>>> print(open('entry35.pdb').read())   # PDB, C-alpha atoms and all ligand atoms
ATOM      1  CA  MET A   1      42.043  79.916 103.740
ATOM      2  CA  GLU A   2      45.357  81.618 104.330
ATOM      3  CA  ASN A   3      48.166  81.248 101.780
ATOM      4  CA  VAL A   4      51.364  79.778 103.159
ATOM      5  CA  ILE A   5      53.237  79.964  99.834
ATOM      6  CA  GLU A   6      52.972  82.684  97.180
ATOM      7  CA  ILE A   7      55.040  82.417  94.031
ATOM      8  CA  SER A   8      54.998  85.348  91.590
ATOM      9  CA  ASN A   9      56.524  85.503  88.121
ATOM     10  CA  LEU A  10      59.173  82.909  88.820
ATOM     11  CA  ASP A  11      61.627  82.224  85.987
ATOM     12  CA  TYR A  12      64.616  79.946  86.207
ATOM     13  CA  SER A  13      67.306  78.948  83.715
ATOM     14  CA  TYR A  14      70.029  76.420  84.503
ATOM     15  CA  PRO A  15      73.630  77.651  84.093
ATOM     16  CA  ASP A  16      73.807  75.936  80.677
ATOM     17  CA  GLY A  17      71.010  78.252  79.529
ATOM     18  CA  HIS A  18      68.195  75.713  79.631
ATOM     19  CA  ARG A  19      65.033  77.518  80.663
ATOM     20  CA  ALA A  20      63.351  75.212  83.172
ATOM     21  CA  LEU A  21      60.650  77.519  84.628
ATOM     22  CA  SER A  22      58.767  80.395  82.969
ATOM     23  CA  GLY A  23      56.356  82.818  84.588
ATOM     24  CA  ILE A  24      55.254  80.591  87.453
ATOM     25  CA  ASN A  25      52.461  82.029  89.607
ATOM     26  CA  LEU A  26      51.137  79.821  92.361
ATOM     27  CA  GLU A  27      49.440  80.081  95.729
ATOM     28  CA  ILE A  28      49.393  77.208  98.152
ATOM     29  CA  LYS A  29      47.065  77.277 101.130
ATOM     30  CA  LYS A  30      47.921  76.447 104.694
ATOM     31  CA  GLY A  31      47.276  72.807 105.517
ATOM     32  CA  GLU A  32      46.362  71.571 102.041
ATOM     33  CA  ILE A  33      47.781  68.604 100.160
ATOM     34  CA  PHE A  34      48.899  70.241  96.949
ATOM     35  CA  GLY A  35      49.937  68.109  93.993
ATOM     36  CA  ILE A  36      52.285  68.975  91.150
ATOM     37  CA  ILE A  37      51.994  66.737  88.112
ATOM     38  CA  GLY A  38      53.572  66.947  84.696
ATOM     39  CA  PRO A  39      55.591  64.900  82.230
ATOM     40  CA  THR A  40      59.268  64.094  82.623
ATOM     41  CA  GLY A  41      61.366  67.234  82.261
ATOM     42  CA  ALA A  42      58.422  69.571  82.940
ATOM     43  CA  GLY A  43      60.328  71.364  85.711
ATOM     44  CA  LYS A  44      58.658  69.822  88.779
ATOM     45  CA  SER A  45      61.847  69.082  90.739
ATOM     46  CA  THR A  46      63.291  72.437  89.686
ATOM     47  CA  LEU A  47      60.228  74.205  91.071
ATOM     48  CA  LEU A  48      60.419  72.285  94.335
ATOM     49  CA  GLN A  49      64.039  73.261  94.869
ATOM     50  CA  HIS A  50      62.997  76.910  94.791
ATOM     51  CA  LEU A  51      60.772  76.461  97.827
ATOM     52  CA  ASN A  52      63.634  76.487 100.313
ATOM     53  CA  GLY A  53      66.166  78.480  98.354
ATOM     54  CA  LEU A  54      68.242  75.571  97.033
ATOM     55  CA  LEU A  55      67.739  77.246  93.667
ATOM     56  CA  LEU A  56      67.131  80.979  93.367
ATOM     57  CA  GLY A  57      65.362  82.206  90.240
ATOM     58  CA  ASN A  58      63.969  85.540  89.110
ATOM     59  CA  GLY A  59      60.641  86.530  90.586
ATOM     60  CA  GLU A  60      59.386  86.284  94.116
ATOM     61  CA  ILE A  61      58.555  83.502  96.529
ATOM     62  CA  ILE A  62      57.024  84.313  99.902
ATOM     63  CA  ILE A  63      56.699  81.568 102.477
ATOM     64  CA  ASP A  64      54.776  82.293 105.632
ATOM     65  CA  ASN A  65      55.439  86.042 105.182
ATOM     66  CA  LEU A  66      59.164  85.556 104.584
ATOM     67  CA  ARG A  67      60.834  86.143 101.222
ATOM     68  CA  VAL A  68      62.957  83.287  99.928
ATOM     69  CA  GLU A  69      66.406  84.845  99.534
ATOM     70  CA  LYS A  70      69.949  84.256 100.710
ATOM     71  CA  LYS A  71      69.666  86.251 103.929
ATOM     72  CA  ASN A  72      66.591  84.292 105.061
ATOM     73  CA  GLU A  73      68.037  80.927 104.121
ATOM     74  CA  LYS A  74      68.197  79.455 107.630
ATOM     75  CA  ALA A  75      64.668  80.530 108.617
ATOM     76  CA  ILE A  76      63.231  79.318 105.295
ATOM     77  CA  ARG A  77      64.912  75.912 105.628
ATOM     78  CA  GLU A  78      63.416  75.545 109.095
ATOM     79  CA  LYS A  79      59.964  76.244 107.666
ATOM     80  CA  VAL A  80      60.180  74.106 104.542
ATOM     81  CA  GLY A  81      61.439  70.548 104.440
ATOM     82  CA  ILE A  82      62.141  68.973 101.060
ATOM     83  CA  VAL A  83      62.370  65.245 100.478
ATOM     84  CA  PHE A  84      64.361  64.718  97.292
ATOM     85  CA  GLN A  85      63.402  62.471  94.410
ATOM     86  CA  ASN A  86      66.570  60.405  94.949
ATOM     87  CA  PRO A  87      67.215  59.441  98.606
ATOM     88  CA  ASP A  88      70.956  59.178  97.902
ATOM     89  CA  ASP A  89      70.936  62.978  97.542
ATOM     90  CA  GLN A  90      69.661  63.261 101.108
ATOM     91  CA  LEU A  91      71.662  60.621 102.977
ATOM     92  CA  PHE A  92      75.393  61.091 103.432
ATOM     93  CA  CYS A  93      76.286  60.185 107.043
ATOM     94  CA  PRO A  94      77.852  56.900 108.245
ATOM     95  CA  THR A  95      74.645  55.752 109.981
ATOM     96  CA  VAL A  96      70.892  56.238 109.747
ATOM     97  CA  PHE A  97      70.935  57.778 113.230
ATOM     98  CA  GLU A  98      73.472  60.401 112.168
ATOM     99  CA  ASP A  99      71.619  61.175 108.945
ATOM    100  CA  ILE A 100      68.441  61.902 110.902
ATOM    101  CA  ALA A 101      70.353  63.753 113.647
ATOM    102  CA  PHE A 102      72.342  65.971 111.249
ATOM    103  CA  GLY A 103      69.814  68.780 110.761
ATOM    104  CA  LEU A 104      68.861  68.805 114.443
ATOM    105  CA  TYR A 105      72.493  69.391 115.483
ATOM    106  CA  ASN A 106      72.659  72.211 112.931
ATOM    107  CA  MET A 107      69.573  73.773 114.489
ATOM    108  CA  GLY A 108      71.349  73.817 117.847
ATOM    109  CA  PHE A 109      69.537  71.080 119.743
ATOM    110  CA  THR A 110      71.471  69.429 122.592
ATOM    111  CA  SER A 111      72.683  65.825 122.306
ATOM    112  CA  ARG A 112      69.950  64.692 124.657
ATOM    113  CA  GLU A 113      67.224  66.458 122.627
ATOM    114  CA  VAL A 114      68.618  65.030 119.389
ATOM    115  CA  GLU A 115      68.678  61.538 120.871
ATOM    116  CA  GLU A 116      65.045  61.877 121.994
ATOM    117  CA  LYS A 117      63.792  63.281 118.709
ATOM    118  CA  VAL A 118      65.611  60.750 116.530
ATOM    119  CA  THR A 119      64.482  57.834 118.689
ATOM    120  CA  ALA A 120      60.879  59.055 118.515
ATOM    121  CA  ILE A 121      60.812  59.458 114.725
ATOM    122  CA  LEU A 122      62.520  56.072 114.207
ATOM    123  CA  GLU A 123      59.829  54.436 116.329
ATOM    124  CA  LYS A 124      57.005  56.340 114.675
ATOM    125  CA  MET A 125      58.192  55.338 111.213
ATOM    126  CA  ASN A 126      58.982  51.777 112.194
ATOM    127  CA  LEU A 127      62.677  52.269 111.376
ATOM    128  CA  SER A 128      64.300  51.564 114.782
ATOM    129  CA  ARG A 129      65.884  48.383 113.451
ATOM    130  CA  LEU A 130      67.940  50.425 110.964
ATOM    131  CA  ARG A 131      69.268  52.941 113.503
ATOM    132  CA  GLU A 132      72.953  51.960 113.432
ATOM    133  CA  LEU A 133      73.093  50.769 109.825
ATOM    134  CA  SER A 134      74.742  52.655 107.002
ATOM    135  CA  SER A 135      72.170  54.269 104.718
ATOM    136  CA  HIS A 136      74.099  52.888 101.742
ATOM    137  CA  HIS A 137      73.266  49.338 102.775
ATOM    138  CA  LEU A 138      69.518  49.905 102.921
ATOM    139  CA  SER A 139      67.003  48.850 100.314
ATOM    140  CA  PHE A 140      65.607  51.628  98.129
ATOM    141  CA  GLY A 141      62.272  51.649  99.988
ATOM    142  CA  GLU A 142      64.072  51.874 103.344
ATOM    143  CA  LYS A 143      66.221  54.737 102.066
ATOM    144  CA  LYS A 144      63.106  56.596 100.922
ATOM    145  CA  ARG A 145      61.584  56.272 104.387
ATOM    146  CA  VAL A 146      64.809  57.334 106.135
ATOM    147  CA  ALA A 147      64.998  60.361 103.818
ATOM    148  CA  LEU A 148      61.425  61.236 104.810
ATOM    149  CA  ALA A 149      62.408  60.839 108.492
ATOM    150  CA  THR A 150      65.359  63.272 108.106
ATOM    151  CA  THR A 151      62.869  65.917 107.006
ATOM    152  CA  LEU A 152      59.987  65.125 109.366
ATOM    153  CA  VAL A 153      62.237  65.142 112.444
ATOM    154  CA  MET A 154      62.853  68.850 111.810
ATOM    155  CA  ASN A 155      59.154  69.529 112.359
ATOM    156  CA  PRO A 156      58.691  71.758 109.280
ATOM    157  CA  GLN A 157      55.578  73.856 108.558
ATOM    158  CA  VAL A 158      55.641  72.788 104.935
ATOM    159  CA  ILE A 159      56.857  69.488 103.580
ATOM    160  CA  ALA A 160      57.536  69.049  99.873
ATOM    161  CA  LEU A 161      57.966  65.505  98.620
ATOM    162  CA  ASP A 162      59.472  64.761  95.230
ATOM    163  CA  GLU A 163      58.107  61.434  93.938
ATOM    164  CA  PRO A 164      57.481  59.902  97.387
ATOM    165  CA  PHE A 165      55.859  56.782  95.883
ATOM    166  CA  ALA A 166      58.339  56.026  93.099
ATOM    167  CA  ASN A 167      59.821  52.514  93.243
ATOM    168  CA  LEU A 168      57.960  51.555  96.416
ATOM    169  CA  ASP A 169      55.859  48.417  96.808
ATOM    170  CA  TYR A 170      52.140  48.901  97.440
ATOM    171  CA  GLY A 171      52.521  48.290 101.192
ATOM    172  CA  ASN A 172      55.105  51.061 101.507
ATOM    173  CA  ILE A 173      53.047  53.338  99.270
ATOM    174  CA  MET A 174      50.088  52.947 101.636
ATOM    175  CA  THR A 175      52.319  53.586 104.678
ATOM    176  CA  VAL A 176      53.643  56.785 103.095
ATOM    177  CA  ILE A 177      50.121  57.887 102.095
ATOM    178  CA  ASP A 178      48.886  57.352 105.661
ATOM    179  CA  MET A 179      51.800  59.389 107.044
ATOM    180  CA  ILE A 180      51.210  62.202 104.570
ATOM    181  CA  ARG A 181      47.489  62.305 105.322
ATOM    182  CA  GLN A 182      48.044  62.430 109.078
ATOM    183  CA  LEU A 183      50.560  65.301 108.999
ATOM    184  CA  PRO A 184      48.850  68.474 110.245
ATOM    185  CA  ILE A 185      50.972  70.703 107.983
ATOM    186  CA  THR A 186      51.028  71.938 104.388
ATOM    187  CA  ARG A 187      52.026  69.107 102.081
ATOM    188  CA  ILE A 188      53.257  69.409  98.504
ATOM    189  CA  ILE A 189      53.595  66.262  96.476
ATOM    190  CA  ILE A 190      55.170  65.725  93.104
ATOM    191  CA  SER A 191      54.112  62.470  91.547
ATOM    192  CA  GLN A 192      54.279  60.786  88.184
ATOM    193  CA  ASP A 193      51.563  58.515  89.508
ATOM    194  CA  ILE A 194      48.727  60.734  88.375
ATOM    195  CA  LEU A 195      46.021  58.434  89.711
ATOM    196  CA  LEU A 196      47.547  58.533  93.193
ATOM    197  CA  ALA A 197      48.030  62.293  93.030
ATOM    198  CA  LEU A 198      44.416  62.735  91.952
ATOM    199  CA  SER A 199      43.265  60.554  94.844
ATOM    200  CA  ILE A 200      45.109  62.209  97.708
ATOM    201  CA  CYS A 201      45.554  65.879  96.787
ATOM    202  CA  ASN A 202      43.134  68.732  97.510
ATOM    203  CA  ARG A 203      44.352  70.720  94.503
ATOM    204  CA  ILE A 204      46.735  70.015  91.670
ATOM    205  CA  ALA A 205      48.941  72.079  89.384
ATOM    206  CA  LEU A 206      49.705  70.688  85.950
ATOM    207  CA  LEU A 207      53.158  71.736  84.783
ATOM    208  CA  ASP A 208      54.429  71.318  81.222
ATOM    209  CA  LYS A 209      57.592  72.706  79.615
ATOM    210  CA  GLY A 210      58.293  74.939  82.611
ATOM    211  CA  LYS A 211      54.845  76.532  82.646
ATOM    212  CA  ILE A 212      51.746  76.024  84.729
ATOM    213  CA  ILE A 213      48.956  74.857  82.437
ATOM    214  CA  THR A 214      46.244  74.809  85.084
ATOM    215  CA  VAL A 215      45.611  74.644  88.829
ATOM    216  CA  ALA A 216      42.419  72.869  89.795
ATOM    217  CA  GLN A 217      40.732  70.334  92.008
ATOM    218  CA  PRO A 218      41.509  66.694  91.179
ATOM    219  CA  GLU A 219      38.050  65.950  89.802
ATOM    220  CA  VAL A 220      38.358  68.864  87.390
ATOM    221  CA  ILE A 221      41.794  67.730  86.193
ATOM    222  CA  ALA A 222      40.651  64.104  85.916
ATOM    223  CA  ALA A 223      37.712  65.142  83.736
ATOM    224  CA  ASN A 224      39.872  67.315  81.489
ATOM    225  CA  THR A 225      41.325  64.550  79.339
ATOM    226  CA  HIS A 226      42.195  67.138  76.697
ATOM    227  CA  ILE A 227      44.806  68.981  78.771
ATOM    228  CA  LEU A 228      46.144  65.730  80.208
ATOM    229  CA  LYS A 229      46.540  64.309  76.722
ATOM    230  CA  ASN A 230      48.276  67.476  75.528
ATOM    231  CA  ALA A 231      50.820  67.077  78.316
ATOM    232  CA  GLY A 232      51.285  63.385  77.513
ATOM    233  CA  LEU A 233      49.556  62.330  80.733
ATOM    234  CA  ASP A 234      46.466  60.552  79.439
ATOM    235  CA  TYR A 235      46.052  57.614  81.822
ATOM    236  CA  THR A 236      42.965  56.065  80.253
ATOM    237  CA  PRO A 237      44.937  53.610  78.040
ATOM    238  CA  TYR A 238      46.666  52.438  81.238
ATOM    239  CA  LEU A 239      43.314  51.780  82.895
ATOM    240  CA  GLN A 240      42.221  49.859  79.817
ATOM    241  CA  LEU A 241      45.420  47.830  79.982
ATOM    242  CA  ILE A 242      44.708  46.487  83.479
ATOM    243  CA  ARG A 243      40.946  46.170  83.132
ATOM    244  CA  PRO A 244      40.963  42.923  81.098
ATOM    245  CA  TRP A 245      42.273  41.128  84.193
ATOM    246  CA  GLY A 246      38.894  41.735  85.752
ATOM    247  CA  PHE A 247      39.732  44.203  88.492
ATOM    248  CA  ASP A 248      36.606  45.841  89.765
ATOM    249  CA  PHE A 249      37.749  49.212  91.068
ATOM    250  CA  HIS A 250      34.491  49.870  92.866
ATOM    251  CA  LYS A 251      34.257  46.663  94.875
ATOM    252  CA  ASN A 252      34.884  46.671  98.662
TER     253      ASN A 252
HETATM  254  N1  LIG A 301      71.501  70.805  86.429
HETATM  255  C1  LIG A 301      70.850  70.975  85.273
HETATM  256  N2  LIG A 301      71.418  71.622  84.234
HETATM  257  C2  LIG A 301      70.762  71.819  83.077
HETATM  258  N3  LIG A 301      69.483  71.425  82.853
HETATM  259  C3  LIG A 301      68.868  70.796  83.854
HETATM  260  C4  LIG A 301      69.496  70.523  85.104
HETATM  261  N4  LIG A 301      68.621  69.879  85.904
HETATM  262  C5  LIG A 301      67.501  69.747  85.168
HETATM  263  N5  LIG A 301      67.638  70.279  83.947
HETATM  264  C6  LIG A 301      66.632  70.345  82.881
HETATM  265  O1  LIG A 301      65.543  71.124  83.315
HETATM  266  C7  LIG A 301      64.312  70.544  82.896
HETATM  267  C8  LIG A 301      63.429  70.299  84.097
HETATM  268  O2  LIG A 301      64.040  69.315  84.920
HETATM  269  P1  LIG A 301      63.325  68.765  86.221
HETATM  270  O3  LIG A 301      64.279  67.839  86.880
HETATM  271  O4  LIG A 301      62.828  69.908  87.021
HETATM  272  O5  LIG A 301      62.089  67.962  85.598
HETATM  273  P2  LIG A 301      60.987  67.062  86.295
HETATM  274  O6  LIG A 301      59.671  67.600  85.912
HETATM  275  O7  LIG A 301      61.290  66.956  87.737
HETATM  276  O8  LIG A 301      61.190  65.652  85.564
HETATM  277  P3  LIG A 301      61.071  64.126  86.135
HETATM  278  O9  LIG A 301      59.621  63.812  86.185
HETATM  279  O10 LIG A 301      61.776  63.324  85.102
HETATM  280  O11 LIG A 301      61.739  64.082  87.479
HETATM  281  C9  LIG A 301      64.677  69.273  82.151
HETATM  282  O12 LIG A 301      64.626  69.551  80.768
HETATM  283  C10 LIG A 301      66.091  68.976  82.590
HETATM  284  O13 LIG A 301      66.816  68.339  81.573
HETATM  285 MG    MG A 302      61.864  65.407  88.962
END
>>> encode(input="entry35.pdb", output="structure tokens")
Amino acid sequence: MENVIEISNLDYSYPDGHRALSGINLEIKKGEIFGIIGPTGAGKSTLLQHLNGLLLGNGEIIIDNLRVEKKNEKAIREKVGIVFQNPDDQLFCPTVFEDIAFGLYNMGFTSREVEEKVTAILEKMNLSRLRELSSHHLSFGEKKRVALATTLVMNPQVIALDEPFANLDYGNIMTVIDMIRQLPITRIIISQDILLALSICNRIALLDKGKIITVAQPEVIAANTHILKNAGLDYTPYLQLIRPWGFDFHKN
């Protein structure tokens, strides 16, 4: 399958000198659900912000045959939509409608087109009720879904979601999973919920201390308890913790 993202020798240090990414090489295929897992501070969010030029490190990133660099910024941002870890970083307009409309106006759509597109995405995501509310008054789960809508409405070729399931109830998690699965585009998901990531991704990169430890299929990662344990991501004690309550994971 064709690569839609190619990252070569990417290094990034924050202005305070902290080296957050070292020698990242990664290829992501068109249409796959690609997971990025790793402990807190591994560099996952930093890596994601390189995909549309929000951060520019050393090395090379090619997206759909276009190099990520300042002069291609507009075209790259049309191709790649990022949903931030914290929805408050994404929502800044007086109303939900305006937050979702913002990027469309920037892309040059007419008022009528913006109105149509925003109305359609609000309906699709079951958010119409929130249309005229201020994003600041929404619950966290609602904010997360509005933030997702601001990105999806732009119709990107690649969507990168930073912790899309964090702090959501199980109903909302399932809604977001269904949406992600149905999108006919390349999807990149960062998640601390390793079990969820293993369940829904086609391939997964394990990141630790700014480096890629391995890229493999979920079943390979799941079986490699050694590397998971080394990265502090051994989930088997967690499974043991909930098992005494008698859940049978294989029923139904
Ligand atoms: N603006 C910044 N200035 C300096 N260091 C930063 C900055 N942002 C992040 N870092 C550091 O870079 C490293 C990687 O951070 P990053 O946010 O990418 O981690 P992460 O894997 O997304 O973690 P989490 O799972 O907690 O979200 C961390 O050690 C963090 O402290
Ligand atoms: Mg993060």
>>> resolve_selection(input="entry35.pdb", expression="the PyMOL selection byres (((chain A and resi 148) around 9) and not hetatm)", output="mmCIF file with C-alpha atoms, in the coordinates of the input")
data_model
loop_
_atom_site.group_PDB
_atom_site.id
_atom_site.type_symbol
_atom_site.label_atom_id
_atom_site.label_comp_id
_atom_site.auth_asym_id
_atom_site.auth_seq_id
_atom_site.Cartn_x
_atom_site.Cartn_y
_atom_site.Cartn_z
ATOM 1 C CA ILE A 82 62.141 68.973 101.060
ATOM 2 C CA VAL A 83 62.370 65.245 100.478
ATOM 3 C CA PHE A 84 64.361 64.718 97.292
ATOM 4 C CA PRO A 87 67.215 59.441 98.606
ATOM 5 C CA LYS A 143 66.221 54.737 102.066
ATOM 6 C CA LYS A 144 63.106 56.596 100.922
ATOM 7 C CA ARG A 145 61.584 56.272 104.387
ATOM 8 C CA VAL A 146 64.809 57.334 106.135
ATOM 9 C CA ALA A 147 64.998 60.361 103.818
ATOM 10 C CA ALA A 149 62.408 60.839 108.492
ATOM 11 C CA THR A 150 65.359 63.272 108.106
ATOM 12 C CA THR A 151 62.869 65.917 107.006
ATOM 13 C CA LEU A 152 59.987 65.125 109.366
ATOM 14 C CA VAL A 153 62.237 65.142 112.444
ATOM 15 C CA LEU A 161 57.966 65.505 98.620
ATOM 16 C CA PRO A 164 57.481 59.902 97.387
#
>>> residues_near_ligand(input="entry35.pdb", ligand="ligand LIG 301 (chain A)", cutoff="10 Å", atoms="only C-alpha atoms and all ligand atoms", output="short mmCIF file (atom, residue, chain, number, x, y, z; two decimals) with C-alpha atoms, keeping the file's coordinate frame")
data_model
loop_
_atom_site.label_atom_id
_atom_site.label_comp_id
_atom_site.auth_asym_id
_atom_site.auth_seq_id
_atom_site.Cartn_x
_atom_site.Cartn_y
_atom_site.Cartn_z
CA TYR A 12 64.62 79.95 86.21
CA SER A 13 67.31 78.95 83.72
CA TYR A 14 70.03 76.42 84.50
CA PRO A 15 73.63 77.65 84.09
CA ASP A 16 73.81 75.94 80.68
CA GLY A 17 71.01 78.25 79.53
CA HIS A 18 68.19 75.71 79.63
CA ARG A 19 65.03 77.52 80.66
CA ALA A 20 63.35 75.21 83.17
CA LEU A 21 60.65 77.52 84.63
CA ILE A 36 52.28 68.97 91.15
CA ILE A 37 51.99 66.74 88.11
CA GLY A 38 53.57 66.95 84.70
CA PRO A 39 55.59 64.90 82.23
CA THR A 40 59.27 64.09 82.62
CA GLY A 41 61.37 67.23 82.26
CA ALA A 42 58.42 69.57 82.94
CA GLY A 43 60.33 71.36 85.71
CA LYS A 44 58.66 69.82 88.78
CA SER A 45 61.85 69.08 90.74
CA THR A 46 63.29 72.44 89.69
CA LEU A 47 60.23 74.20 91.07
CA LEU A 48 60.42 72.28 94.34
CA GLN A 49 64.04 73.26 94.87
CA GLN A 85 63.40 62.47 94.41
CA ASN A 86 66.57 60.40 94.95
CA ASP A 162 59.47 64.76 95.23
CA GLU A 163 58.11 61.43 93.94
CA ILE A 190 55.17 65.72 93.10
CA SER A 191 54.11 62.47 91.55
CA GLN A 192 54.28 60.79 88.18
CA LEU A 207 53.16 71.74 84.78
CA ASP A 208 54.43 71.32 81.22
CA LYS A 209 57.59 72.71 79.61
CA GLY A 210 58.29 74.94 82.61
#
>>> atom_distance(input="entry35.pdb", atom1="atom CA of Val215 of chain A", atom2="atom CA of Thr186 of chain A")
16.7 Å
>>> atom_distance(input="entry35.pdb", atom1="atom CA of Ile5 of chain A", atom2="atom CA of Asn72 of chain A")
15.0 Å
>>> atom_distance(input="entry35.pdb", atom1="atom CA of Ala222 of chain A", atom2="atom CA of Asn9 of chain A")
26.7 Å
